[in-house]
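Heads up, input.txt below (compact mmCIF, C-alpha atoms and all ligand atoms):
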```txt
# COMPACT_ATOMS: atom_id res chain seq x y z
CA MET S 1 123.84 123.12 76.73
CA LYS S 2 124.82 126.75 76.28
CA SER S 3 121.75 128.88 75.60
CA PRO S 4 121.81 131.89 73.24
CA LEU S 5 120.37 133.73 76.26
CA ASN S 6 123.51 133.01 78.29
CA ASN S 7 124.71 136.64 78.18
CA LEU S 8 121.34 137.84 79.41
CA TYR S 9 121.18 135.47 82.37
CA ALA S 10 121.81 136.96 85.81
CA ALA S 11 125.35 136.22 87.01
CA GLN S 12 124.00 133.92 89.71
CA THR S 13 121.87 131.98 87.20
CA ARG S 14 124.93 131.48 84.99
CA GLU S 15 126.84 130.02 87.94
CA MET S 16 124.03 127.80 89.22
CA LYS S 17 124.35 124.04 88.58
CA HIS S 18 121.90 121.17 88.80
CA SER S 19 122.65 119.22 91.94
CA PHE S 20 125.00 116.28 91.47
CA VAL S 21 122.68 114.16 93.60
CA ARG S 22 119.92 114.69 91.02
CA LEU S 23 122.30 113.61 88.32
CA ILE S 24 123.18 110.41 90.16
CA LEU S 25 119.51 109.62 90.67
CA LYS S 26 118.94 110.09 86.94
CA LEU S 27 121.89 107.80 86.11
CA THR S 28 120.62 105.01 88.33
CA LYS S 29 116.83 105.24 87.97
CA GLY S 30 115.07 102.55 85.91
CA VAL S 31 118.33 100.68 85.12
CA GLU S 32 117.48 96.98 85.00
CA GLY S 33 118.80 94.98 87.93
CA MET S 34 120.07 98.12 89.71
CA ILE S 35 119.70 98.17 93.47
CA SER S 36 119.85 101.78 94.48
CA PHE S 37 120.69 103.09 97.92
CA ALA S 38 121.20 106.51 96.36
CA GLY S 39 117.77 108.11 96.72
CA GLY S 40 116.41 109.98 99.69
CA MET S 41 112.81 109.01 99.10
CA PRO S 42 110.30 107.58 101.52
CA SER S 43 108.74 104.30 100.44
CA PRO S 44 105.44 104.82 98.57
CA ASP S 45 104.07 101.96 100.71
CA THR S 46 103.97 104.47 103.59
CA PHE S 47 101.70 107.00 101.87
CA PRO S 48 98.24 106.99 103.50
CA ARG S 49 96.54 107.12 100.13
CA GLU S 50 92.99 106.14 101.03
CA ILE S 51 92.62 108.52 103.97
CA ILE S 52 94.18 111.39 102.04
CA ALA S 53 91.98 110.70 98.99
CA GLY S 54 88.87 110.74 101.18
CA LEU S 55 89.96 113.94 102.88
CA PHE S 56 90.65 115.75 99.60
CA GLN S 57 87.13 114.95 98.45
CA GLU S 58 85.59 115.91 101.78
CA VAL S 59 87.57 119.16 102.11
CA ILE S 60 86.84 120.30 98.56
CA LEU S 61 83.12 119.50 98.84
CA LYS S 62 82.63 121.00 102.29
CA GLU S 63 85.25 123.74 102.40
CA GLY S 64 85.98 124.36 98.73
CA HIS S 65 84.59 127.91 98.88
CA ASP S 66 87.44 128.66 101.25
CA VAL S 67 90.32 126.41 100.18
CA LEU S 68 90.04 126.91 96.42
CA GLN S 69 90.39 130.65 97.01
CA TYR S 70 93.72 132.55 97.35
CA GLY S 71 95.16 131.88 100.79
CA SER S 72 97.43 133.81 103.10
CA SER S 73 101.18 133.73 102.59
CA GLU S 74 101.86 132.81 106.21
CA GLY S 75 99.57 129.78 105.90
CA ASP S 76 96.04 128.60 106.63
CA PRO S 77 95.01 129.63 110.19
CA VAL S 78 93.15 126.32 110.61
CA CYS S 79 96.26 124.34 109.68
CA LYS S 80 98.43 126.53 111.93
CA GLN S 81 96.19 125.95 114.94
CA VAL S 82 96.20 122.18 114.44
CA ILE S 83 100.00 122.12 114.05
CA LYS S 84 100.45 124.31 117.16
CA SER S 85 98.31 121.88 119.19
CA TYR S 86 100.20 118.88 117.79
CA GLU S 87 103.53 120.53 118.65
CA GLU S 88 102.24 121.36 122.15
CA VAL S 89 102.35 125.14 121.73
CA PRO S 90 98.59 125.74 121.31
CA ASP S 91 98.75 129.26 122.72
CA TRP S 92 101.58 130.51 120.55
CA PRO S 93 100.63 133.58 118.52
CA ASP S 94 100.06 132.82 114.83
CA GLU S 95 102.89 135.21 113.93
CA LYS S 96 105.44 132.69 115.26
CA ILE S 97 104.61 130.01 112.74
CA MET S 98 104.55 129.92 108.98
CA ILE S 99 103.34 127.10 106.74
CA THR S 100 105.76 126.40 103.91
CA VAL S 101 105.93 124.52 100.61
CA GLY S 102 107.94 121.67 102.16
CA SER S 103 110.74 122.51 104.53
CA THR S 104 113.03 123.40 101.58
CA ASN S 105 110.89 126.48 101.08
CA GLY S 106 111.13 127.44 104.77
CA ILE S 107 114.90 126.96 104.79
CA TYR S 108 115.20 129.11 101.66
CA PHE S 109 113.14 132.00 103.08
CA TYR S 110 115.05 131.83 106.38
CA THR S 111 118.29 132.05 104.39
CA ARG S 112 116.94 134.90 102.26
CA THR S 113 116.00 136.74 105.44
CA PHE S 114 119.57 136.66 106.79
CA ILE S 115 122.09 136.27 103.99
CA ASP S 116 123.90 138.94 102.02
CA PRO S 117 126.56 137.68 99.61
CA GLY S 118 129.69 136.73 101.55
CA ASP S 119 127.92 136.05 104.86
CA VAL S 120 128.73 132.80 106.62
CA ILE S 121 126.49 129.90 107.64
CA ILE S 122 128.01 127.30 109.94
CA SER S 123 126.77 123.75 109.39
CA GLU S 124 127.50 120.25 110.52
CA SER S 125 129.90 118.41 108.27
CA PRO S 126 128.65 116.41 106.45
CA THR S 127 125.28 118.05 105.86
CA PHE S 128 122.21 117.96 103.59
CA PRO S 129 123.25 118.98 100.03
CA GLY S 130 119.79 120.46 99.28
CA SER S 131 120.45 123.10 101.90
CA LEU S 132 124.11 123.51 100.91
CA VAL S 133 123.14 124.46 97.35
CA ALA S 134 120.32 126.74 98.55
CA PHE S 135 122.72 128.53 100.92
CA GLU S 136 125.29 128.93 98.17
CA ALA S 137 122.65 130.12 95.71
CA CYS S 138 121.85 132.90 98.21
CA GLY S 139 125.54 133.91 98.18
CA ALA S 140 126.49 132.40 101.54
CA GLU S 141 129.82 130.82 102.37
CA VAL S 142 129.11 127.57 104.22
CA VAL S 143 131.69 126.57 106.81
CA GLY S 144 131.46 123.02 108.10
CA VAL S 145 132.23 121.81 111.61
CA PRO S 146 132.96 118.07 111.96
CA MET S 147 130.63 115.75 113.85
CA ASP S 148 131.28 112.82 116.12
CA SER S 149 128.79 110.19 117.24
CA GLY S 150 127.09 112.76 119.54
CA GLY S 151 126.56 115.45 116.88
CA ILE S 152 128.47 118.61 115.95
CA ASP S 153 131.76 118.94 117.86
CA PRO S 154 131.26 121.83 120.34
CA ASP S 155 134.99 122.57 120.78
CA ARG S 156 135.46 122.81 117.03
CA LEU S 157 132.32 124.97 116.84
CA VAL S 158 133.78 127.49 119.33
CA GLU S 159 137.12 127.41 117.52
CA THR S 160 135.41 128.01 114.14
CA ILE S 161 133.35 130.93 115.45
CA GLY S 162 136.54 132.48 116.90
CA THR S 163 138.51 132.05 113.67
CA LEU S 164 135.74 133.40 111.45
CA ARG S 165 135.20 136.43 113.67
CA LYS S 166 138.95 137.15 113.72
CA GLU S 167 138.83 137.11 109.91
CA GLY S 168 136.05 139.72 110.06
CA LYS S 169 133.42 137.32 108.66
CA ARG S 170 129.75 137.85 109.46
CA ILE S 171 128.29 134.61 110.83
CA LYS S 172 124.53 134.74 110.29
CA PHE S 173 123.31 131.41 111.63
CA ILE S 174 124.13 127.82 112.55
CA TYR S 175 122.29 125.17 110.52
CA LEU S 176 121.75 121.84 112.28
CA ILE S 177 119.90 118.57 111.62
CA PRO S 178 119.95 117.07 115.11
CA GLU S 179 117.61 114.15 114.47
CA PHE S 180 118.71 111.14 112.33
CA GLN S 181 120.76 113.52 110.28
CA ASN S 182 120.81 113.42 106.51
CA PRO S 183 123.35 112.11 105.50
CA SER S 184 125.05 110.67 108.60
CA GLY S 185 122.07 109.18 110.47
CA ILE S 186 123.57 110.68 113.67
CA THR S 187 121.26 112.01 116.39
CA THR S 188 122.65 114.85 118.47
CA SER S 189 122.59 113.87 122.15
CA ARG S 190 120.59 115.87 124.68
CA GLN S 191 123.76 117.05 126.40
CA ARG S 192 125.26 118.14 123.08
CA ARG S 193 122.09 120.03 122.14
CA GLU S 194 122.33 122.00 125.36
CA ALA S 195 126.05 122.67 124.87
CA VAL S 196 125.49 123.94 121.33
CA ILE S 197 122.57 126.18 122.35
CA ALA S 198 124.74 127.63 125.13
CA ILE S 199 127.53 128.38 122.62
CA ALA S 200 125.10 129.95 120.14
CA SER S 201 123.54 132.03 122.90
CA GLU S 202 126.91 133.24 124.20
CA HIS S 203 127.95 134.30 120.69
CA ALA S 204 124.49 135.64 119.75
CA ILE S 205 124.17 133.44 116.66
CA PRO S 206 120.69 132.07 115.88
CA ILE S 207 120.20 128.36 115.14
CA LEU S 208 118.09 126.91 112.32
CA GLU S 209 117.04 123.40 113.39
CA ASP S 210 116.01 121.34 110.35
CA SER S 211 114.05 118.33 111.55
CA PRO S 212 112.15 116.47 108.83
CA TYR S 213 112.97 113.03 110.30
CA ARG S 214 112.04 113.72 113.93
CA GLU S 215 109.01 111.38 113.94
CA LEU S 216 110.91 108.49 112.31
CA ARG S 217 112.42 106.98 115.49
CA TYR S 218 112.65 103.16 115.44
CA THR S 219 114.60 102.52 118.66
CA GLY S 220 115.84 104.46 121.69
CA GLU S 221 114.39 107.38 123.60
CA ARG S 222 112.89 110.52 122.11
CA ILE S 223 115.02 113.63 122.81
CA MET S 224 113.65 117.16 123.23
CA SER S 225 114.10 119.24 120.08
CA MET S 226 116.59 122.11 120.29
CA TRP S 227 113.63 124.42 119.69
CA GLU S 228 111.97 123.08 122.83
CA ILE S 229 115.16 123.06 124.92
CA ALA S 230 115.86 126.71 124.01
CA ARG S 231 112.27 127.67 124.88
CA THR S 232 112.06 125.85 128.15
CA GLN S 233 115.58 125.88 129.58
CA PHE S 234 117.39 128.93 128.30
CA ASP S 235 117.10 132.66 128.89
CA ASP S 236 117.13 133.03 125.16
CA PRO S 237 113.96 131.19 124.13
CA ALA S 238 113.96 132.80 120.68
CA LEU S 239 117.37 131.48 119.66
CA VAL S 240 116.20 128.39 117.77
CA THR S 241 113.86 128.33 114.77
CA ILE S 242 112.65 124.88 113.72
CA ALA S 243 111.79 123.75 110.18
CA LYS S 244 109.62 120.64 109.94
CA SER S 245 108.00 118.74 107.10
CA PHE S 246 105.22 116.31 106.29
CA SER S 247 107.30 114.91 103.41
CA LYS S 248 108.64 111.88 105.26
CA ILE S 249 105.47 111.05 107.16
CA LEU S 250 102.66 111.71 104.66
CA GLY S 251 104.36 112.10 101.28
CA PRO S 252 106.80 114.61 99.75
CA GLY S 253 104.42 115.25 96.84
CA LEU S 254 102.13 117.14 99.21
CA ARG S 255 104.91 119.75 99.57
CA LEU S 256 103.93 120.80 103.05
CA GLY S 257 106.04 121.86 105.98
CA PHE S 258 106.22 124.62 108.56
CA ILE S 259 108.72 126.79 110.32
CA ALA S 260 108.33 128.11 113.87
CA GLY S 261 110.33 130.69 115.74
CA ARG S 262 110.38 134.32 116.82
CA GLU S 263 108.06 136.79 115.11
CA ASP S 264 110.87 139.03 113.90
CA ILE S 265 112.26 136.12 111.90
CA ILE S 266 108.94 134.75 110.63
CA ILE S 267 107.48 138.12 109.52
CA PRO S 268 110.29 138.94 107.04
CA MET S 269 110.10 135.37 105.77
CA VAL S 270 106.41 135.90 105.04
CA LYS S 271 107.37 139.02 103.04
CA TRP S 272 109.55 136.77 100.85
CA ALA S 273 106.73 134.24 100.51
CA GLU S 274 104.30 136.95 99.37
CA LYS S 275 106.57 137.51 96.37
CA VAL S 276 107.59 133.94 95.59
CA THR S 277 105.03 131.27 96.46
CA VAL S 278 102.04 133.53 97.35
CA SER S 279 100.87 130.70 99.61
CA PRO S 280 101.28 126.96 100.05
CA ASP S 281 98.51 124.91 98.42
CA CYS S 282 95.40 125.78 100.45
CA THR S 283 93.57 122.48 99.93
CA THR S 284 96.59 120.44 100.97
CA GLN S 285 97.01 122.51 104.13
CA ARG S 286 93.40 121.88 105.14
CA VAL S 287 93.61 118.16 104.26
CA VAL S 288 96.67 117.76 106.47
CA ALA S 289 94.95 119.76 109.22
CA ARG S 290 91.92 117.44 109.09
CA PHE S 291 94.22 114.38 108.97
CA ILE S 292 95.81 115.47 112.27
CA GLU S 293 92.52 116.64 113.78
CA LYS S 294 90.89 113.25 113.10
CA GLU S 295 93.81 111.70 115.01
CA HIS S 296 95.27 109.72 112.12
CA LEU S 297 98.79 111.06 112.50
CA ASN S 298 100.12 109.21 115.56
CA ALA S 299 98.78 105.86 114.35
CA HIS S 300 100.27 106.52 110.92
CA ILE S 301 103.67 107.40 112.40
CA ARG S 302 103.63 104.13 114.38
CA PHE S 303 102.85 102.28 111.15
CA ILE S 304 105.73 103.93 109.30
CA CYS S 305 108.20 103.23 112.11
CA ASP S 306 107.17 99.55 112.17
CA TYR S 307 107.57 99.50 108.38
CA TYR S 308 111.09 101.04 108.33
CA ARG S 309 112.56 99.37 111.44
CA PRO S 310 113.23 95.98 109.71
CA LYS S 311 114.83 97.82 106.78
CA LEU S 312 117.28 99.59 109.07
CA GLU S 313 118.00 96.30 110.89
CA ALA S 314 118.55 94.56 107.54
CA MET S 315 121.01 97.21 106.41
CA LEU S 316 123.00 97.15 109.65
CA SER S 317 123.22 93.36 109.71
CA ALA S 318 124.14 93.20 106.00
CA LEU S 319 126.93 95.74 106.53
CA GLU S 320 128.18 93.67 109.48
CA ALA S 321 128.17 90.54 107.32
CA HIS S 322 129.72 91.92 104.13
CA MET S 323 132.01 94.91 104.79
CA PRO S 324 135.74 94.48 105.50
CA ASP S 325 137.13 95.41 108.96
CA SER S 326 138.67 98.65 107.68
CA VAL S 327 135.20 100.11 106.97
CA THR S 328 132.99 101.71 109.65
CA TRP S 329 129.41 102.97 109.58
CA THR S 330 126.88 104.77 111.77
CA ARG S 331 124.11 102.96 113.64
CA PRO S 332 121.11 105.31 113.43
CA GLU S 333 118.07 104.98 115.68
CA GLY S 334 115.74 106.29 112.98
CA GLY S 335 115.51 108.30 109.77
CA MET S 336 116.43 106.97 106.34
CA PHE S 337 120.24 106.93 106.05
CA VAL S 338 123.40 105.13 107.13
CA TRP S 339 126.79 106.76 106.60
CA VAL S 340 129.80 104.65 105.67
CA ASP S 341 133.44 105.70 106.25
CA LEU S 342 136.11 104.07 104.09
CA PRO S 343 139.86 103.88 104.67
CA GLU S 344 141.47 107.24 103.82
CA SER S 345 143.09 105.95 100.64
CA LEU S 346 139.74 105.04 99.01
CA ASP S 347 137.76 107.36 96.76
CA ALA S 348 133.99 106.83 96.95
CA GLU S 349 133.48 108.41 93.51
CA ALA S 350 135.71 105.80 91.85
CA LEU S 351 133.92 103.16 93.88
CA PHE S 352 130.58 104.55 92.67
CA GLU S 353 131.57 104.16 89.02
CA THR S 354 132.44 100.48 89.51
CA ALA S 355 129.42 99.83 91.73
CA ARG S 356 127.06 101.37 89.19
CA LYS S 357 128.36 99.04 86.49
CA LYS S 358 127.79 96.11 88.85
CA GLY S 359 124.22 97.15 89.64
CA VAL S 360 124.40 98.91 92.98
CA ALA S 361 124.32 102.65 93.72
CA PHE S 362 124.88 105.08 96.59
CA ILE S 363 125.76 108.76 96.91
CA PRO S 364 129.51 109.48 97.22
CA GLY S 365 130.30 111.46 100.38
CA ASN S 366 132.00 114.43 98.70
CA ASN S 367 128.52 115.79 97.83
CA PHE S 368 127.74 116.35 101.49
CA PHE S 369 130.76 118.36 102.63
CA PRO S 370 131.11 122.12 102.80
CA LYS S 371 134.31 123.13 100.96
CA ASN S 372 136.50 123.52 104.06
CA THR S 373 135.90 119.94 105.19
CA TYR S 374 135.79 118.19 101.83
CA ARG S 375 136.80 114.52 101.71
CA LYS S 376 136.24 111.58 99.41
CA ASN S 377 136.40 108.44 101.52
CA ALA S 378 132.75 108.11 102.58
CA PHE S 379 129.29 107.48 101.18
CA ARG S 380 125.61 107.60 102.11
CA LEU S 381 123.21 104.67 101.95
CA ASN S 382 119.42 104.99 101.94
CA PHE S 383 117.40 102.16 103.45
CA SER S 384 113.82 103.50 103.29
CA TYR S 385 113.20 102.83 99.60
CA PRO S 386 114.73 99.40 98.73
CA SER S 387 113.07 96.19 99.94
CA VAL S 388 114.61 94.13 102.76
CA GLU S 389 115.61 91.51 100.18
CA ASP S 390 117.29 94.10 97.95
CA ILE S 391 119.08 95.55 100.97
CA HIS S 392 120.69 92.16 101.67
CA THR S 393 121.58 91.52 98.00
CA GLY S 394 122.75 95.09 97.34
CA ILE S 395 124.98 95.32 100.41
CA GLU S 396 126.51 91.92 99.63
CA ARG S 397 127.29 93.20 96.11
CA LEU S 398 128.69 96.45 97.47
CA GLY S 399 130.72 94.68 100.17
CA SER S 400 132.53 92.58 97.58
CA ILE S 401 133.38 95.72 95.50
CA VAL S 402 134.65 97.54 98.60
CA LYS S 403 136.77 94.49 99.53
CA THR S 404 138.36 94.52 96.07
CA PHE S 405 139.07 98.26 96.34
CA ALA S 406 140.45 97.90 99.87
CA GLY S 407 142.76 95.12 98.63
CA ARG S 408 141.26 92.30 100.66
C1 LIG V 1 117.65 117.37 106.14
C2 LIG V 1 116.59 117.70 105.16
N1 LIG V 1 116.02 118.90 105.18
C3 LIG V 1 115.05 119.24 104.32
C4 LIG V 1 114.60 118.35 103.36
C5 LIG V 1 113.55 118.81 102.39
O1 LIG V 1 112.34 118.26 102.63
P1 LIG V 1 110.97 118.84 102.02
O2 LIG V 1 110.44 117.77 101.16
O3 LIG V 1 110.13 119.11 103.21
O4 LIG V 1 111.27 120.10 101.28
C6 LIG V 1 115.15 117.09 103.30
C7 LIG V 1 114.71 116.14 102.27
O5 LIG V 1 115.29 115.15 101.97
C8 LIG V 1 116.17 116.74 104.22
O6 LIG V 1 116.77 115.54 104.21
```

Spit out the file's structure as structure tokens when you get a sec.
Amino acid sequence: MKSPLNNLYAAQTREMKHSFVRLILKLTKGVEGMISFAGGMPSPDTFPREIIAGLFQEVILKEGHDVLQYGSSEGDPVCKQVIKSYEEVPDWPDEKIMITVGSTNGIYFYTRTFIDPGDVIISESPTFPGSLVAFEACGAEVVGVPMDSGGIDPDRLVETIGTLRKEGKRIKFIYLIPEFQNPSGITTSRQRREAVIAIASEHAIPILEDSPYRELRYTGERIMSMWEIARTQFDDPALVTIAKSFSKILGPGLRLGFIAGREDIIIPMVKWAEKVTVSPDCTTQRVVARFIEKEHLNAHIRFICDYYRPKLEAMLSALEAHMPDSVTWTRPEGGMFVWVDLPESLDAEALFETARKKGVAFIPGNNFFPKNTYRKNAFRLNFSYPSVEDIHTGIERLGSIVKTFAGR
């Protein structure tokens, strides 16, 4: 709808679109018989409702004088201290960590801190569309570097940095999701993490590590975060800033995350927060702090992993049973997504239209690619929200549509 205020809108507001992913979710939500693999939502069965309810009551009654008051833009010092202990950096100065309204908020302020219109952000390709649109809304050009099963391709990364610099482009940071990436499900190997940090260090480009799925590991060995590797193994310990979130482990409605890195990145971010959010919700911060302090978090993470593991297994075995040979997919060790690659001649958007009519939905891959790496023959599947039974039925349905499209 064109508003009579259109001429008064800022140029950027006029250009800004609702995300296509949101549109797809709207199209598929509440449709009878629809099995949707489109969302990116955790299962509500994983929300620790009773403990959180008890803690809200306790915190408001005992600490309401404090937490119902205005709070500081960089976050509640109590919450910060608990998070620092949980992340094994208890002695870090408070200036190196900022509590955010979900990690989206942290990613936005980080971007605001660095980006002038026309600046470049390098990302994995595919990548998380929520960040893509936030980067573009800040005026950045996002340049994608393809991934393989070990993460972002380091040779292509070096090549891309060289090309962009030759073109006179200002590369401001590298955005990576090394753990159970959204959308691909790929986890960047330890060796690859080190290689990428070395490249970033050599070219003096900071890294933003976005890691909301880190705790959701169902199989395999935990790998050091890039933030930790840079701190403990490189001369340049300040190179990596990490954004984390409680959305996937406690509930996205709490809107709580944090970002940790060098002071001269965090302090300007706090200046942005002072003007935009003022502070994250003070009660929620204290509730989450008490949740961790009372040692609920590790047990809860174990519960969630046990809850999601059979869903991932169901999706992988259903794909094996129902997809034709010409289709491949990732085999994640955690997170919430599986990425499916189709033969080059197939268009996932056309497939989506047919699938939707037949009661099954996913997100077409074109939504996840920065412009330079755009392609149509892939899609993302979510396995955290549907039931195991729906996963089997939905993938069987989808497999038969893909077979028809692939001509066998
Ligand atoms: C890779 C990635 N980063 C950030 C977010 C945003 O999470 P939050 O709810 O913490 O803002 C998401 C949510 O889906 C995500 O997948």

Query raised in the report: Quick one, how far is atom CA of S:Ile363 from atom CA of S:Pro183?
Result: 9.5 Å

Listing only residues of chain S within 9 Å of ligand LIG 1 (chain V), what is the closest atom pair and its distance in Å (to one decimal) for each, using all atoms listed in the file, sorted by chain and residue number ascending, as CSV?
```
residue,atom,partner,partner_atom,distance
S:Gly40,CA,V:LIG1,O5,5.8
S:Met41,CA,V:LIG1,O5,7.2
S:Thr100,CA,V:LIG1,O3,8.5
S:Val101,CA,V:LIG1,O4,7.0
S:Gly102,CA,V:LIG1,O3,3.5
S:Ser103,CA,V:LIG1,O3,3.7
S:Thr104,CA,V:LIG1,O4,3.8
S:Asn105,CA,V:LIG1,O4,6.4
S:Gly106,CA,V:LIG1,O4,8.1
S:Ile107,CA,V:LIG1,C3,7.7
S:Thr127,CA,V:LIG1,C1,7.7
S:Phe128,CA,V:LIG1,C1,5.3
S:Pro129,CA,V:LIG1,C1,8.4
S:Gly130,CA,V:LIG1,C4,6.9
S:Ser131,CA,V:LIG1,N1,6.9
S:Leu176,CA,V:LIG1,C1,8.6
S:Ile177,CA,V:LIG1,C1,6.0
S:Glu179,CA,V:LIG1,C1,8.9
S:Phe180,CA,V:LIG1,C1,8.8
S:Gln181,CA,V:LIG1,C1,6.5
S:Asn182,CA,V:LIG1,C1,5.1
S:Pro183,CA,V:LIG1,O6,7.5
S:Asp210,CA,V:LIG1,N1,5.7
S:Ser211,CA,V:LIG1,C1,6.6
S:Pro212,CA,V:LIG1,N1,5.8
S:Tyr213,CA,V:LIG1,O6,7.6
S:Ala243,CA,V:LIG1,C3,8.1
S:Lys244,CA,V:LIG1,O3,6.9
S:Ser245,CA,V:LIG1,O3,4.5
S:Phe246,CA,V:LIG1,O3,6.4
S:Ser247,CA,V:LIG1,O2,4.8
S:Lys248,CA,V:LIG1,O2,7.4
S:Gly251,CA,V:LIG1,O2,8.3
S:Pro252,CA,V:LIG1,O2,5.0
S:Gly253,CA,V:LIG1,O2,7.8
S:Leu254,CA,V:LIG1,O2,8.6
S:Arg255,CA,V:LIG1,O2,6.1
S:Leu256,CA,V:LIG1,O3,6.4
S:Gly257,CA,V:LIG1,O3,5.7
S:Phe258,CA,V:LIG1,O3,8.6
S:Met336,CA,V:LIG1,O6,8.8
```

Query raised in the report: Which neighbours of S:Thr373 fall inside 10 Å, counting all atoms listed in the file, when residues of the same chain fewer than 6 positions from it are skipped, and could you give them as a list of chain:residue names?
Result: S:Glu124, S:Ser125, S:Pro126, S:Val143, S:Gly144, S:Val145, S:Pro146, S:Asn366

Edge lengths and centre, in Å to one decimal, as AutoDock Vina command-line options: that's what I need for the box along x, y and z that holds all listed atoms of stretch 195-204 of chain S plus 4 Å on each side.
```
--center_x 125.3 --center_y 129.2 --center_z 122.4 --size_x 13.4 --size_y 21.0 --size_z 13.4
```

Report task. Please identify all polymer residues lying at most 12 Å from the point (115.4, 124.1, 117.6) (file coordinates), using all atoms listed in the file, and present the result as an MDAnalysis selection string. Result -> chainID S and resid 174:179 188 193:194 196:197 200 206:211 214 223:232 234 236:244 259:262

Query raised in the report: Near S:Ser326, counting all atoms listed in the file, which residues have an atom at most 12 Å away, once you skip same-chain residues fewer than 2 positions from it, shown as a list in words?
Result: Glu320, His322, Met323, Pro324, Thr328, Trp329, Val340, Asp341, Leu342, Pro343, Glu344, Ser345, Leu346, Asn377, Gly399, Val402, Lys403, Phe405, Ala406, Gly407 and Arg408 of chain S

Please identify every residue of stretch 239-328 of chain S that has at least one atom no farther than 8 Å from an atom of stretch 45-62 of chain S, counting all atoms listed in the file, and for each give the shortest atom pair and the distance in Å to one decimal, arranged by chain then increasing number, as CSV.
```
residue,atom,partner,partner_atom,distance
S:Ile249,CA,S:Thr46,CA,7.6
S:Leu250,CA,S:Phe47,CA,5.6
S:Gly251,CA,S:Phe47,CA,5.8
S:Thr283,CA,S:Val59,CA,7.2
S:Thr284,CA,S:Phe56,CA,7.7
S:Arg286,CA,S:Val59,CA,7.1
S:Val287,CA,S:Leu55,CA,5.7
S:Arg290,CA,S:Leu55,CA,7.4
S:Phe291,CA,S:Leu55,CA,7.4
S:His300,CA,S:Pro48,CA,7.7
S:Phe303,CA,S:Thr46,CA,8.0
S:Ile304,CA,S:Thr46,CA,6.0
S:Tyr307,CA,S:Thr46,CA,7.8
```

Query raised in the report: For S:Phe362, which residue among S:Arg112, S:Arg190, S:His296, S:Lys29 is the nearest when counting all atoms listed in the file?
Result: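 Looking only at the distances to S:Phe362, the closest residue turns out to be S:Lys29.
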
Report task. Excluding S:Leu25 and any residue of its chain fewer than 3 positions from it, enumerate the residues within 7 Å of it, using only C-alpha atoms, and give them as JSON, numbers by chain. Result -> {"S": [21, 22, 28, 29, 38, 39]}

Report task. Could you give me, as a list in words, the residues within 9 Å of S:Asp76, counting all atoms listed in the file and dropping anything in the same chain fewer than 6 positions from it? Result ->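 Near S:Asp76, the qualifying residues are Val67, Met98, Ile99, Ser279, Pro280, Cys282, Gln285 and Arg286 of chain S.
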
Output the selection as a compact mmCIF listing (two decimals), in the frame of the given file - C-alpha atoms for each residue.
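Contents of the output file out.txt:
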```
# COMPACT_ATOMS: atom_id res chain seq x y z
CA VAL S 67 90.32 126.41 100.18
CA MET S 98 104.55 129.92 108.98
CA ILE S 99 103.34 127.10 106.74
CA SER S 279 100.87 130.70 99.61
CA PRO S 280 101.28 126.96 100.05
CA CYS S 282 95.40 125.78 100.45
CA GLN S 285 97.01 122.51 104.13
CA ARG S 286 93.40 121.88 105.14
```

Requested in this report: Write out as a PyMOL selection string the residues lying within 10 Å of S:Ile199, counting only C-alpha atoms and excluding same-chain residues fewer than 2 positions away.
Outcome: chain S and resi 154-155+157-158+161+193-197+201-205

Write to file, as an mmCIF file, in the coordinates of the input, the residues of the selection just made, with C-alpha atoms.
```
data_model
loop_
_atom_site.group_PDB
_atom_site.id
_atom_site.type_symbol
_atom_site.label_atom_id
_atom_site.label_comp_id
_atom_site.auth_asym_id
_atom_site.auth_seq_id
_atom_site.Cartn_x
_atom_site.Cartn_y
_atom_site.Cartn_z
ATOM 1 C CA PRO S 154 131.260 121.830 120.340
ATOM 2 C CA ASP S 155 134.990 122.570 120.780
ATOM 3 C CA LEU S 157 132.320 124.970 116.840
ATOM 4 C CA VAL S 158 133.780 127.490 119.330
ATOM 5 C CA ILE S 161 133.350 130.930 115.450
ATOM 6 C CA ARG S 193 122.090 120.030 122.140
ATOM 7 C CA GLU S 194 122.330 122.000 125.360
ATOM 8 C CA ALA S 195 126.050 122.670 124.870
ATOM 9 C CA VAL S 196 125.490 123.940 121.330
ATOM 10 C CA ILE S 197 122.570 126.180 122.350
ATOM 11 C CA SER S 201 123.540 132.030 122.900
ATOM 12 C CA GLU S 202 126.910 133.240 124.200
ATOM 13 C CA HIS S 203 127.950 134.300 120.690
ATOM 14 C CA ALA S 204 124.490 135.640 119.750
ATOM 15 C CA ILE S 205 124.170 133.440 116.660
#
```

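Computed from the coordinates, the atom CA of S:Val78 to atom CA of S:Tyr108 distance equals 24.0 Å.
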
Query raised in the report: With all atoms listed in the file as the basis for distance, which of S:Tyr308, S:Phe352, S:Phe369, S:Tyr218 is at the shortest distance from S:Tyr385?
Result: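 The answer is S:Tyr308, which sits nearest to S:Tyr385.
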
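The gap separating atom CA of S:Lys172 from atom CA of S:Asp119 is 6.5 Å, in Å to one decimal.
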
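Between S:Leu297 and the candidates S:Thr277, S:Ala348, S:Ser19, S:Ile83, the tightest atom-to-atom separation, counting only C-alpha atoms, involves S:Ile83.
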
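With only C-alpha atoms as the atoms that count, the minimum distance from S:Glu95 to the choices S:Ala11, S:Ala137, S:Ile267, S:Ala321 is reached by S:Ile267.
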
Query raised in the report: Nearest to S:Ala289: which of S:Lys358, S:Gly64, S:Gly75, S:Leu27 is it, counting all atoms listed in the file?
Result: S:Gly75

Query raised in the report: Smallest atom-to-atom distance to S:Phe368: which of S:Phe109, S:Ala198, S:Phe383, S:Val133, using all atoms listed in the file?
Result: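 Checking each of S:Phe109, S:Ala198, S:Phe383, S:Val133 against S:Phe368, counting all atoms listed in the file, the winner is S:Val133.
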